[in-house]
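For reference, entry.cif (mmCIF, C-alpha atoms):
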data_entry
loop_
_atom_site.group_PDB
_atom_site.id
_atom_site.type_symbol
_atom_site.label_atom_id
_atom_site.label_comp_id
_atom_site.auth_asym_id
_atom_site.auth_seq_id
_atom_site.Cartn_x
_atom_site.Cartn_y
_atom_site.Cartn_z
ATOM 1 C CA MET A 17 -53.746 4.689 16.678
ATOM 2 C CA SER A 18 -50.230 5.337 17.895
ATOM 3 C CA THR A 19 -47.149 4.545 15.884
ATOM 4 C CA GLU A 20 -45.769 1.058 16.474
ATOM 5 C CA ILE A 21 -42.514 1.062 18.454
ATOM 6 C CA LEU A 22 -42.264 -2.401 19.992
ATOM 7 C CA GLY A 23 -40.387 -5.223 18.316
ATOM 8 C CA PHE A 24 -39.709 -6.057 14.726
ATOM 9 C CA PRO A 25 -41.920 -4.464 12.060
ATOM 10 C CA SER A 26 -44.856 -6.693 11.230
ATOM 11 C CA ASP A 27 -45.056 -8.639 7.992
ATOM 12 C CA ALA A 28 -48.834 -8.544 8.191
ATOM 13 C CA THR A 29 -51.495 -6.409 6.645
ATOM 14 C CA GLU A 30 -54.535 -5.323 8.551
ATOM 15 C CA GLY A 31 -56.905 -8.148 9.389
ATOM 16 C CA SER A 32 -59.821 -8.806 11.664
ATOM 17 C CA ALA A 33 -60.829 -11.333 14.246
ATOM 18 C CA PRO A 34 -64.070 -11.941 16.078
ATOM 19 C CA SER A 35 -64.476 -10.728 19.641
ATOM 20 C CA VAL A 36 -66.334 -13.449 21.516
ATOM 21 C CA SER A 37 -67.865 -12.663 24.878
ATOM 22 C CA ALA A 38 -68.810 -14.906 27.755
ATOM 23 C CA PRO A 39 -71.933 -14.120 29.796
ATOM 24 C CA SER A 40 -71.548 -11.031 31.942
ATOM 25 C CA GLY A 41 -72.128 -10.952 35.669
ATOM 26 C CA GLY A 42 -68.808 -11.816 37.279
ATOM 27 C CA GLY A 43 -67.417 -8.301 37.435
ATOM 28 C CA PRO A 44 -65.941 -5.788 34.998
ATOM 29 C CA ALA A 45 -65.380 -6.957 31.438
ATOM 30 C CA LEU A 46 -61.931 -8.433 30.893
ATOM 31 C CA VAL A 47 -60.461 -7.013 27.684
ATOM 32 C CA GLY A 48 -57.459 -9.075 26.606
ATOM 33 C CA CYS A 49 -55.387 -6.766 24.421
ATOM 34 C CA SER A 50 -52.582 -8.129 22.245
ATOM 35 C CA HIS A 51 -50.431 -6.571 19.549
ATOM 36 C CA GLY A 52 -52.131 -8.300 16.635
ATOM 37 C CA THR A 53 -50.797 -10.393 13.771
ATOM 38 C CA ASN A 54 -51.960 -11.887 10.505
ATOM 39 C CA ASN A 55 -50.051 -15.096 11.207
ATOM 40 C CA PRO A 56 -52.836 -17.709 11.635
ATOM 41 C CA ASP A 57 -50.860 -19.718 14.192
ATOM 42 C CA GLY A 58 -50.134 -16.562 16.157
ATOM 43 C CA GLN A 59 -53.794 -15.554 16.123
ATOM 44 C CA ALA A 60 -54.790 -19.017 17.324
ATOM 45 C CA ALA A 61 -52.240 -18.978 20.162
ATOM 46 C CA ILE A 62 -53.449 -15.632 21.492
ATOM 47 C CA ARG A 63 -57.097 -16.613 21.161
ATOM 48 C CA ALA A 64 -56.340 -19.840 23.033
ATOM 49 C CA ILE A 65 -55.216 -17.790 26.046
ATOM 50 C CA LEU A 66 -58.557 -15.987 26.156
ATOM 51 C CA ASP A 67 -60.472 -19.218 25.536
ATOM 52 C CA ASP A 68 -58.716 -20.701 28.577
ATOM 53 C CA VAL A 69 -59.649 -17.619 30.612
ATOM 54 C CA ARG A 70 -63.284 -18.084 29.584
ATOM 55 C CA ALA A 71 -63.172 -21.750 30.524
ATOM 56 C CA THR A 72 -61.658 -20.944 33.908
ATOM 57 C CA ARG A 73 -63.985 -18.005 34.625
ATOM 58 C CA PRO A 74 -67.221 -18.567 32.674
ATOM 59 C CA ASP A 75 -68.838 -15.791 34.723
ATOM 60 C CA LEU A 76 -66.660 -13.140 33.101
ATOM 61 C CA ASP A 77 -67.349 -11.116 29.977
ATOM 62 C CA VAL A 78 -64.073 -11.714 28.106
ATOM 63 C CA ARG A 79 -63.369 -9.649 24.990
ATOM 64 C CA GLU A 80 -60.491 -9.580 22.523
ATOM 65 C CA ALA A 81 -58.795 -6.370 21.355
ATOM 66 C CA PHE A 82 -55.643 -5.223 19.576
ATOM 67 C CA VAL A 83 -53.276 -2.264 19.362
ATOM 68 C CA ASP A 84 -52.166 -2.910 15.781
ATOM 69 C CA VAL A 85 -52.727 -5.055 12.658
ATOM 70 C CA GLN A 86 -56.043 -6.642 13.710
ATOM 71 C CA GLN A 87 -59.460 -5.332 14.612
ATOM 72 C CA PRO A 88 -61.203 -4.392 16.858
ATOM 73 C CA GLU A 89 -59.025 -1.670 18.327
ATOM 74 C CA VAL A 90 -58.731 -1.668 22.087
ATOM 75 C CA ALA A 91 -60.307 1.777 22.551
ATOM 76 C CA ASP A 92 -63.405 0.713 20.605
ATOM 77 C CA VAL A 93 -63.776 -2.468 22.663
ATOM 78 C CA VAL A 94 -63.470 -0.517 25.921
ATOM 79 C CA THR A 95 -66.044 2.038 24.757
ATOM 80 C CA GLN A 96 -68.513 -0.740 23.968
ATOM 81 C CA ALA A 97 -67.868 -2.476 27.290
ATOM 82 C CA VAL A 98 -68.487 0.645 29.397
ATOM 83 C CA ALA A 99 -71.346 2.082 27.318
ATOM 84 C CA PRO A 100 -74.650 2.825 29.059
ATOM 85 C CA PRO A 101 -77.590 0.497 28.403
ATOM 86 C CA ALA A 102 -79.324 0.919 25.065
ATOM 87 C CA THR A 103 -82.414 2.169 26.884
ATOM 88 C CA GLY A 104 -80.400 5.065 28.270
ATOM 89 C CA GLU A 105 -81.298 4.101 31.807
ATOM 90 C CA GLY A 106 -78.454 4.010 34.290
ATOM 91 C CA PRO A 107 -74.680 4.177 33.934
ATOM 92 C CA GLY A 108 -72.552 1.927 31.793
ATOM 93 C CA GLY A 109 -70.507 -1.072 32.826
ATOM 94 C CA SER A 110 -66.823 -1.252 33.656
ATOM 95 C CA ALA A 111 -63.774 -2.896 32.119
ATOM 96 C CA VAL A 112 -60.232 -3.945 32.888
ATOM 97 C CA VAL A 113 -57.778 -4.125 29.998
ATOM 98 C CA VAL A 114 -55.197 -6.861 30.516
ATOM 99 C CA PRO A 115 -52.242 -6.396 28.144
ATOM 100 C CA LEU A 116 -51.382 -9.703 26.481
ATOM 101 C CA LEU A 117 -47.889 -8.271 26.224
ATOM 102 C CA LEU A 118 -44.825 -9.467 28.075
ATOM 103 C CA SER A 119 -43.247 -6.141 29.016
ATOM 104 C CA THR A 120 -44.131 -2.569 29.786
ATOM 105 C CA GLY A 121 -43.649 -0.368 26.739
ATOM 106 C CA PHE A 122 -45.264 2.052 24.346
ATOM 107 C CA HIS A 123 -48.395 -0.007 23.779
ATOM 108 C CA VAL A 124 -49.023 -0.370 27.505
ATOM 109 C CA ASN A 125 -48.025 3.147 28.510
ATOM 110 C CA VAL A 126 -49.680 4.991 25.625
ATOM 111 C CA ASP A 127 -52.149 2.981 23.528
ATOM 112 C CA ILE A 128 -53.804 1.087 26.376
ATOM 113 C CA THR A 129 -53.560 3.977 28.835
ATOM 114 C CA GLU A 130 -55.330 6.239 26.358
ATOM 115 C CA ALA A 131 -57.933 3.548 25.644
ATOM 116 C CA VAL A 132 -59.105 3.437 29.279
ATOM 117 C CA SER A 133 -59.187 7.203 29.752
ATOM 118 C CA PRO A 134 -62.677 8.596 30.534
ATOM 119 C CA GLU A 135 -61.794 11.506 28.251
ATOM 120 C CA HIS A 136 -61.436 9.212 25.254
ATOM 121 C CA GLU A 137 -63.435 10.319 22.228
ATOM 122 C CA GLY A 138 -66.984 9.013 22.254
ATOM 123 C CA ARG A 139 -67.360 8.679 26.023
ATOM 124 C CA GLY A 140 -69.522 10.730 28.302
ATOM 125 C CA PRO A 141 -70.657 10.892 31.905
ATOM 126 C CA GLN A 142 -72.920 7.860 31.502
ATOM 127 C CA HIS A 143 -70.049 5.637 30.399
ATOM 128 C CA GLY A 144 -68.593 3.472 33.140
ATOM 129 C CA PRO A 145 -64.963 3.367 34.310
ATOM 130 C CA ALA A 146 -62.083 1.366 32.870
ATOM 131 C CA ALA A 147 -58.622 0.511 34.144
ATOM 132 C CA ALA A 148 -55.444 -0.865 32.608
ATOM 133 C CA ALA A 149 -53.688 -3.780 34.264
ATOM 134 C CA ARG A 150 -49.959 -4.446 34.219
ATOM 135 C CA ALA A 151 -48.242 -6.321 31.421
ATOM 136 C CA LEU A 152 -47.880 -10.069 31.936
ATOM 137 C CA GLY A 153 -44.195 -9.735 32.752
ATOM 138 C CA PRO A 154 -42.045 -9.731 34.671
ATOM 139 C CA ASP A 155 -43.359 -12.758 36.523
ATOM 140 C CA PRO A 156 -41.493 -15.827 37.818
ATOM 141 C CA ARG A 157 -44.097 -18.072 36.194
ATOM 142 C CA LEU A 158 -42.967 -16.841 32.791
ATOM 143 C CA ALA A 159 -39.460 -18.056 33.626
ATOM 144 C CA GLU A 160 -40.941 -21.425 34.548
ATOM 145 C CA ILE A 161 -42.584 -21.651 31.131
ATOM 146 C CA LEU A 162 -39.332 -20.590 29.465
ATOM 147 C CA ALA A 163 -37.484 -23.318 31.381
ATOM 148 C CA ASP A 164 -40.009 -25.870 30.161
ATOM 149 C CA ARG A 165 -39.606 -24.697 26.563
ATOM 150 C CA LEU A 166 -35.833 -24.960 26.910
ATOM 151 C CA ALA A 167 -36.167 -28.524 28.204
ATOM 152 C CA GLU A 168 -38.483 -29.390 25.323
ATOM 153 C CA ALA A 169 -35.878 -28.032 22.887
ATOM 154 C CA GLY A 170 -33.194 -30.249 24.439
ATOM 155 C CA VAL A 171 -31.115 -27.673 26.303
ATOM 156 C CA ARG A 172 -28.109 -29.031 28.207
ATOM 157 C CA PRO A 173 -27.040 -27.684 31.615
ATOM 158 C CA HIS A 174 -24.027 -25.741 30.373
ATOM 159 C CA ASP A 175 -25.508 -24.381 27.153
ATOM 160 C CA ALA A 176 -25.559 -20.593 26.894
ATOM 161 C CA VAL A 177 -29.089 -19.188 26.762
ATOM 162 C CA VAL A 178 -30.019 -15.898 25.099
ATOM 163 C CA LEU A 179 -33.396 -14.615 26.226
ATOM 164 C CA ALA A 180 -34.799 -13.030 23.058
ATOM 165 C CA ALA A 181 -37.312 -10.229 23.579
ATOM 166 C CA ALA A 182 -38.997 -7.961 21.061
ATOM 167 C CA GLY A 183 -37.431 -4.753 22.350
ATOM 168 C CA SER A 184 -38.772 -1.284 23.051
ATOM 169 C CA SER A 185 -37.640 2.323 23.149
ATOM 170 C CA LYS A 186 -38.858 2.458 26.769
ATOM 171 C CA ALA A 187 -36.222 1.728 29.412
ATOM 172 C CA GLY A 188 -38.812 0.032 31.604
ATOM 173 C CA ALA A 189 -39.305 -2.689 29.019
ATOM 174 C CA ALA A 190 -35.614 -3.619 29.109
ATOM 175 C CA ARG A 191 -35.718 -3.740 32.898
ATOM 176 C CA ASP A 192 -38.717 -6.060 32.718
ATOM 177 C CA VAL A 193 -36.829 -8.420 30.423
ATOM 178 C CA GLU A 194 -33.735 -8.360 32.644
ATOM 179 C CA ALA A 195 -35.940 -9.282 35.602
ATOM 180 C CA VAL A 196 -37.249 -12.330 33.742
ATOM 181 C CA ALA A 197 -33.683 -13.262 32.783
ATOM 182 C CA GLU A 198 -32.795 -13.216 36.475
ATOM 183 C CA PHE A 199 -35.744 -15.500 37.227
ATOM 184 C CA LEU A 200 -34.588 -17.823 34.443
ATOM 185 C CA ARG A 201 -31.075 -18.078 35.905
ATOM 186 C CA ALA A 202 -32.608 -19.948 38.828
ATOM 187 C CA HIS A 203 -33.660 -22.676 36.367
ATOM 188 C CA HIS A 204 -30.529 -22.935 34.205
ATOM 189 C CA ASP A 205 -26.932 -23.632 35.261
ATOM 190 C CA GLY A 206 -25.319 -22.088 32.198
ATOM 191 C CA PRO A 207 -25.044 -18.390 31.334
ATOM 192 C CA VAL A 208 -28.252 -16.470 30.559
ATOM 193 C CA THR A 209 -28.027 -13.193 28.674
ATOM 194 C CA VAL A 210 -30.533 -10.959 26.876
ATOM 195 C CA GLY A 211 -30.967 -9.894 23.257
ATOM 196 C CA PHE A 212 -33.568 -7.678 21.604
ATOM 197 C CA GLY A 213 -35.311 -7.660 18.261
ATOM 198 C CA ALA A 214 -35.340 -3.891 17.831
ATOM 199 C CA MET A 215 -35.144 -0.548 19.636
ATOM 200 C CA ALA A 216 -32.699 -1.835 22.271
ATOM 201 C CA THR A 217 -29.249 -3.399 22.404
ATOM 202 C CA PRO A 218 -27.721 -5.868 22.101
ATOM 203 C CA THR A 219 -29.598 -7.374 19.192
ATOM 204 C CA VAL A 220 -30.414 -11.058 19.416
ATOM 205 C CA ARG A 221 -27.869 -11.816 16.685
ATOM 206 C CA ASP A 222 -25.150 -9.883 18.537
ATOM 207 C CA ALA A 223 -26.059 -11.554 21.830
ATOM 208 C CA VAL A 224 -25.812 -14.965 20.166
ATOM 209 C CA GLY A 225 -22.394 -14.063 18.764
ATOM 210 C CA THR A 226 -21.149 -12.800 22.117
ATOM 211 C CA ALA A 227 -22.396 -15.933 23.876
ATOM 212 C CA ARG A 228 -20.643 -18.147 21.334
ATOM 213 C CA GLU A 229 -17.369 -16.257 21.761
ATOM 214 C CA ALA A 230 -17.615 -16.598 25.544
ATOM 215 C CA LEU A 231 -18.194 -20.346 25.246
ATOM 216 C CA ALA A 232 -15.187 -20.720 22.942
ATOM 217 C CA ALA A 233 -12.971 -18.756 25.302
ATOM 218 C CA SER A 234 -13.946 -20.850 28.304
ATOM 219 C CA ALA A 235 -13.993 -24.284 26.629
ATOM 220 C CA PRO A 236 -11.409 -26.674 28.148
ATOM 221 C CA GLY A 237 -9.136 -28.506 25.747
ATOM 222 C CA GLY A 238 -9.038 -32.247 25.223
ATOM 223 C CA THR A 239 -12.483 -33.037 26.627
ATOM 224 C CA ASP A 240 -14.802 -35.680 25.254
ATOM 225 C CA ALA A 241 -17.867 -33.953 26.707
ATOM 226 C CA LEU A 242 -20.485 -32.580 24.374
ATOM 227 C CA PRO A 243 -19.604 -28.952 23.619
ATOM 228 C CA PRO A 244 -21.998 -26.324 24.976
ATOM 229 C CA ARG A 245 -24.291 -24.643 22.494
ATOM 230 C CA VAL A 246 -26.072 -21.296 22.177
ATOM 231 C CA VAL A 247 -29.819 -21.601 22.645
ATOM 232 C CA VAL A 248 -32.303 -18.786 22.054
ATOM 233 C CA ALA A 249 -35.214 -18.762 24.498
ATOM 234 C CA ALA A 250 -38.042 -17.077 22.598
ATOM 235 C CA TYR A 251 -39.628 -14.629 25.006
ATOM 236 C CA LEU A 252 -42.844 -14.090 23.106
ATOM 237 C CA LEU A 253 -46.335 -15.433 23.381
ATOM 238 C CA ALA A 254 -47.011 -16.678 19.877
ATOM 239 C CA PRO A 255 -45.416 -17.594 16.549
ATOM 240 C CA GLY A 256 -45.082 -14.981 13.856
ATOM 241 C CA PHE A 257 -42.596 -12.629 12.256
ATOM 242 C CA PHE A 258 -40.369 -12.245 15.314
ATOM 243 C CA HIS A 259 -40.072 -15.970 15.943
ATOM 244 C CA ASP A 260 -39.224 -16.528 12.271
ATOM 245 C CA ARG A 261 -36.388 -13.988 12.567
ATOM 246 C CA LEU A 262 -34.986 -15.787 15.618
ATOM 247 C CA LEU A 263 -34.341 -18.803 13.415
ATOM 248 C CA GLU A 264 -31.907 -16.631 11.422
ATOM 249 C CA THR A 265 -29.746 -15.404 14.341
ATOM 250 C CA GLY A 266 -27.168 -18.205 14.223
ATOM 251 C CA ALA A 267 -28.290 -19.997 17.380
ATOM 252 C CA ASP A 268 -28.004 -23.772 17.630
ATOM 253 C CA LEU A 269 -31.545 -24.103 18.996
ATOM 254 C CA VAL A 270 -34.570 -21.820 19.251
ATOM 255 C CA THR A 271 -37.403 -22.598 21.639
ATOM 256 C CA ALA A 272 -41.110 -22.509 20.903
ATOM 257 C CA PRO A 273 -43.194 -19.511 22.062
ATOM 258 C CA LEU A 274 -44.850 -19.496 25.485
ATOM 259 C CA ALA A 275 -48.513 -20.061 24.585
ATOM 260 C CA PRO A 276 -50.492 -22.130 25.177
ATOM 261 C CA ASP A 277 -49.892 -22.749 28.878
ATOM 262 C CA ALA A 278 -52.185 -22.796 31.907
ATOM 263 C CA ARG A 279 -49.777 -20.538 33.799
ATOM 264 C CA LEU A 280 -50.482 -17.766 31.294
ATOM 265 C CA THR A 281 -54.172 -18.050 32.140
ATOM 266 C CA ALA A 282 -53.323 -17.680 35.826
ATOM 267 C CA ILE A 283 -51.203 -14.586 35.165
ATOM 268 C CA VAL A 284 -53.960 -12.989 33.069
ATOM 269 C CA LEU A 285 -56.489 -13.549 35.848
ATOM 270 C CA ASP A 286 -54.063 -12.187 38.451
ATOM 271 C CA ARG A 287 -53.576 -9.022 36.391
ATOM 272 C CA TYR A 288 -57.357 -8.748 35.999
ATOM 273 C CA ALA A 289 -57.824 -9.046 39.782
ATOM 274 C CA GLU A 290 -55.314 -6.232 40.295
ATOM 275 C CA GLY A 291 -57.236 -4.099 37.793
ATOM 276 C CA VAL A 292 -60.521 -4.743 39.585
ATOM 277 C CA LYS A 293 -58.881 -3.581 42.815
ATOM 278 C CA ALA A 294 -57.660 -0.425 41.073
ATOM 279 C CA LEU A 295 -61.175 0.295 39.768
ATOM 280 C CA ALA A 296 -62.472 0.055 43.325
ATOM 281 C CA GLY A 297 -59.812 2.484 44.543
ATOM 282 C CA GLU A 298 -57.969 -0.235 46.431
ATOM 283 C CA ASP A 299 -54.301 -1.205 46.363
ATOM 284 C CA PRO A 300 -53.767 -3.658 43.473
ATOM 285 C CA ALA A 301 -51.083 -5.350 45.562
ATOM 286 C CA ASP A 302 -53.877 -6.676 47.765
ATOM 287 C CA ALA A 303 -55.529 -8.547 44.889
ATOM 288 C CA PRO A 304 -56.036 -12.292 45.523
ATOM 289 C CA ARG A 305 -53.474 -14.657 43.992
#
Encoded form (structure tokens):
Amino acid sequence: MSTEILGFPSDATEGSAPSVSAPSGGGPALVGCSHGTNNPDGQAAIRAILDDVRATRPDLDVREAFVDVQQPEVADVVTQAVAPPATGEGPGGSAVVVPLLLSTGFHVNVDITEAVSPEHEGRGPQHGPAAAARALGPDPRLAEILADRLAEAGVRPHDAVVLAAAGSSKAGAARDVEAVAEFLRAHHDGPVTVGFGAMATPTVRDAVGTAREALAASAPGGTDALPPRVVVAAYLLAPGFFHDRLLETGADLVTAPLAPDARLTAIVLDRYAEGVKALAGEDPADAPR
């Protein structure tokens, strides 16, 4: 297993979770791969995404996997999904790994990429193919969910919003977050900036401080209007260590995580459809939406 680079260090110890499968027959297995956490609410939120996928597509074999903290590891789940029949007759099945991760980064580019490789340890010529789908973000539907969470938290039109992402050493991850911030600006009249938990700058705390200074510098004098506030939009799927740390950044409000939401189910299935296209040697951009 590769060294963890994304986000804050976990407060969890290694745990396990069941991998429940729906009946096969609708295509390659869909392996939903998340980071992993020992936070019970976080585990439940991630599992709810896959439960919704199963409910929407009962024909699919949907499996749960992780890159850290929890078991089973994604490579092991892929190996099982593409293994040849127990009788030894015929080739194995196929699988598409959908990262339940919001941005491209080390886990997507290394852990998951290695997990779908036909050269992975334990696989042979009778094992079927596997492909890795894109991360869930950037996607304009994620900005829609963020806008809903901001409304639920009581954001006002001229509040400053800091989009708080986990952070990564990979430049592509920061670009993904900036793209979502641009989508979010279409939903919010006030300023929208970005802060990161680790491995990228500015930190969420620094971004909150900068946003507050900018509000103070632009505030008109002698107004009876409610003063604008700094609101952190939590760009993460589930509660856990990172969300707890956001509560300590000095923001006036912090939104709830994204899951559960039916739009996440739609994004997962879109990424799966792209992966199926890639397995067939077709352009993923032609996948149905």
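The space separating CA of Ala111 (chain A) from CA of Pro156 (chain A) comes to 26.4 Å.
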Could you tell me, as a compact mmCIF listing (two decimals) with C-alpha atoms, keeping the file's coordinate frame, exactly which residues end up selected when the PyMOL selection byres ((chain A and resi 283) around 10) is applied to this structure?
# COMPACT_ATOMS: atom_id res chain seq x y z
CA VAL A 114 -55.20 -6.86 30.52
CA LEU A 116 -51.38 -9.70 26.48
CA ALA A 151 -48.24 -6.32 31.42
CA LEU A 152 -47.88 -10.07 31.94
CA GLY A 153 -44.20 -9.74 32.75
CA ASP A 155 -43.36 -12.76 36.52
CA ARG A 157 -44.10 -18.07 36.19
CA LEU A 158 -42.97 -16.84 32.79
CA ALA A 278 -52.18 -22.80 31.91
CA ARG A 279 -49.78 -20.54 33.80
CA LEU A 280 -50.48 -17.77 31.29
CA THR A 281 -54.17 -18.05 32.14
CA ALA A 282 -53.32 -17.68 35.83
CA VAL A 284 -53.96 -12.99 33.07
CA LEU A 285 -56.49 -13.55 35.85
CA ASP A 286 -54.06 -12.19 38.45
CA ARG A 287 -53.58 -9.02 36.39
CA TYR A 288 -57.36 -8.75 36.00
CA ALA A 289 -57.82 -9.05 39.78
CA ARG A 305 -53.47 -14.66 43.99
| task | Can you pull out every residue within 10 Å of Ala131 (chain A), counting only C-alpha atoms, but drop anything in the same chain fewer than 2 positions away, and send it as a ChimeraX atom specification? | result | /A:17,83,89-95,113,124,126-129,133-137,146-148
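Proximity to Ala230 (chain A) was assessed for A:Asp175, A:Glu130, A:Asp77, A:Glu264 counting all atoms listed in the file; the smallest distance is recorded for A:Asp175.
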Quick check on the file I pasted: which residues fall under the PyMOL selection byres ((chain A and resi 226) around 12)? Write them as a PDB file with C-alpha atoms, keeping the file's coordinate frame.
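Listing of expr20.pdb after writing:
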ATOM      1  CA  ALA A 176     -25.559 -20.593  26.894  1.00  0.00           C
ATOM      2  CA  VAL A 177     -29.089 -19.188  26.762  1.00  0.00           C
ATOM      3  CA  VAL A 178     -30.019 -15.898  25.099  1.00  0.00           C
ATOM      4  CA  PRO A 207     -25.044 -18.390  31.334  1.00  0.00           C
ATOM      5  CA  VAL A 208     -28.252 -16.470  30.559  1.00  0.00           C
ATOM      6  CA  THR A 209     -28.027 -13.193  28.674  1.00  0.00           C
ATOM      7  CA  VAL A 210     -30.533 -10.959  26.876  1.00  0.00           C
ATOM      8  CA  GLY A 211     -30.967  -9.894  23.257  1.00  0.00           C
ATOM      9  CA  PRO A 218     -27.721  -5.868  22.101  1.00  0.00           C
ATOM     10  CA  THR A 219     -29.598  -7.374  19.192  1.00  0.00           C
ATOM     11  CA  VAL A 220     -30.414 -11.058  19.416  1.00  0.00           C
ATOM     12  CA  ARG A 221     -27.869 -11.816  16.685  1.00  0.00           C
ATOM     13  CA  ASP A 222     -25.150  -9.883  18.537  1.00  0.00           C
ATOM     14  CA  ALA A 223     -26.059 -11.554  21.830  1.00  0.00           C
ATOM     15  CA  VAL A 224     -25.812 -14.965  20.166  1.00  0.00           C
ATOM     16  CA  GLY A 225     -22.394 -14.063  18.764  1.00  0.00           C
ATOM     17  CA  ALA A 227     -22.396 -15.933  23.876  1.00  0.00           C
ATOM     18  CA  ARG A 228     -20.643 -18.147  21.334  1.00  0.00           C
ATOM     19  CA  GLU A 229     -17.369 -16.257  21.761  1.00  0.00           C
ATOM     20  CA  ALA A 230     -17.615 -16.598  25.544  1.00  0.00           C
ATOM     21  CA  LEU A 231     -18.194 -20.346  25.246  1.00  0.00           C
ATOM     22  CA  ALA A 232     -15.187 -20.720  22.942  1.00  0.00           C
ATOM     23  CA  ALA A 233     -12.971 -18.756  25.302  1.00  0.00           C
ATOM     24  CA  VAL A 246     -26.072 -21.296  22.177  1.00  0.00           C
ATOM     25  CA  THR A 265     -29.746 -15.404  14.341  1.00  0.00           C
ATOM     26  CA  GLY A 266     -27.168 -18.205  14.223  1.00  0.00           C
ATOM     27  CA  ALA A 267     -28.290 -19.997  17.380  1.00  0.00           C
TER      28      ALA A 267
END
| said: So that I can see what lies close to region 80-82 of chain A, please list as a list in words the residues with an atom at most 8 Å from it, counting all atoms listed in the file and leaving out residues fewer than 6 positions away in the same chain. | reply: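 Contacts, in chain order: Pro34, Ser35, Val36, Val47, Gly48, Cys49, Ser50, His51, Gly52, Arg63, Leu66, Pro88, Glu89, Val90 and Val93 of chain A.
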| field | Atom pair CA of Val112 (chain A) / CA of Val132 (chain A): separation (Å) | value |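 Going from CA of Val112 (chain A) over to CA of Val132 (chain A) covers 8.3 Å.
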| field | the PyMOL selection byres ((chain A and resi 250) around 7) resolved against shown file, as a PyMOL selection string | value | chain A and resi 179-181+248-249+251-252+270-273
| note | From the list A:Gly183, A:His174, A:Leu200, A:Ala195, the nearest residue to Pro244 (chain A) using all atoms listed in the file is A:His174
| Atom pair CA of Ile65 (chain A) / CA of Arg191 (chain A): separation (Å) |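 So the answer is 25.0 Å.
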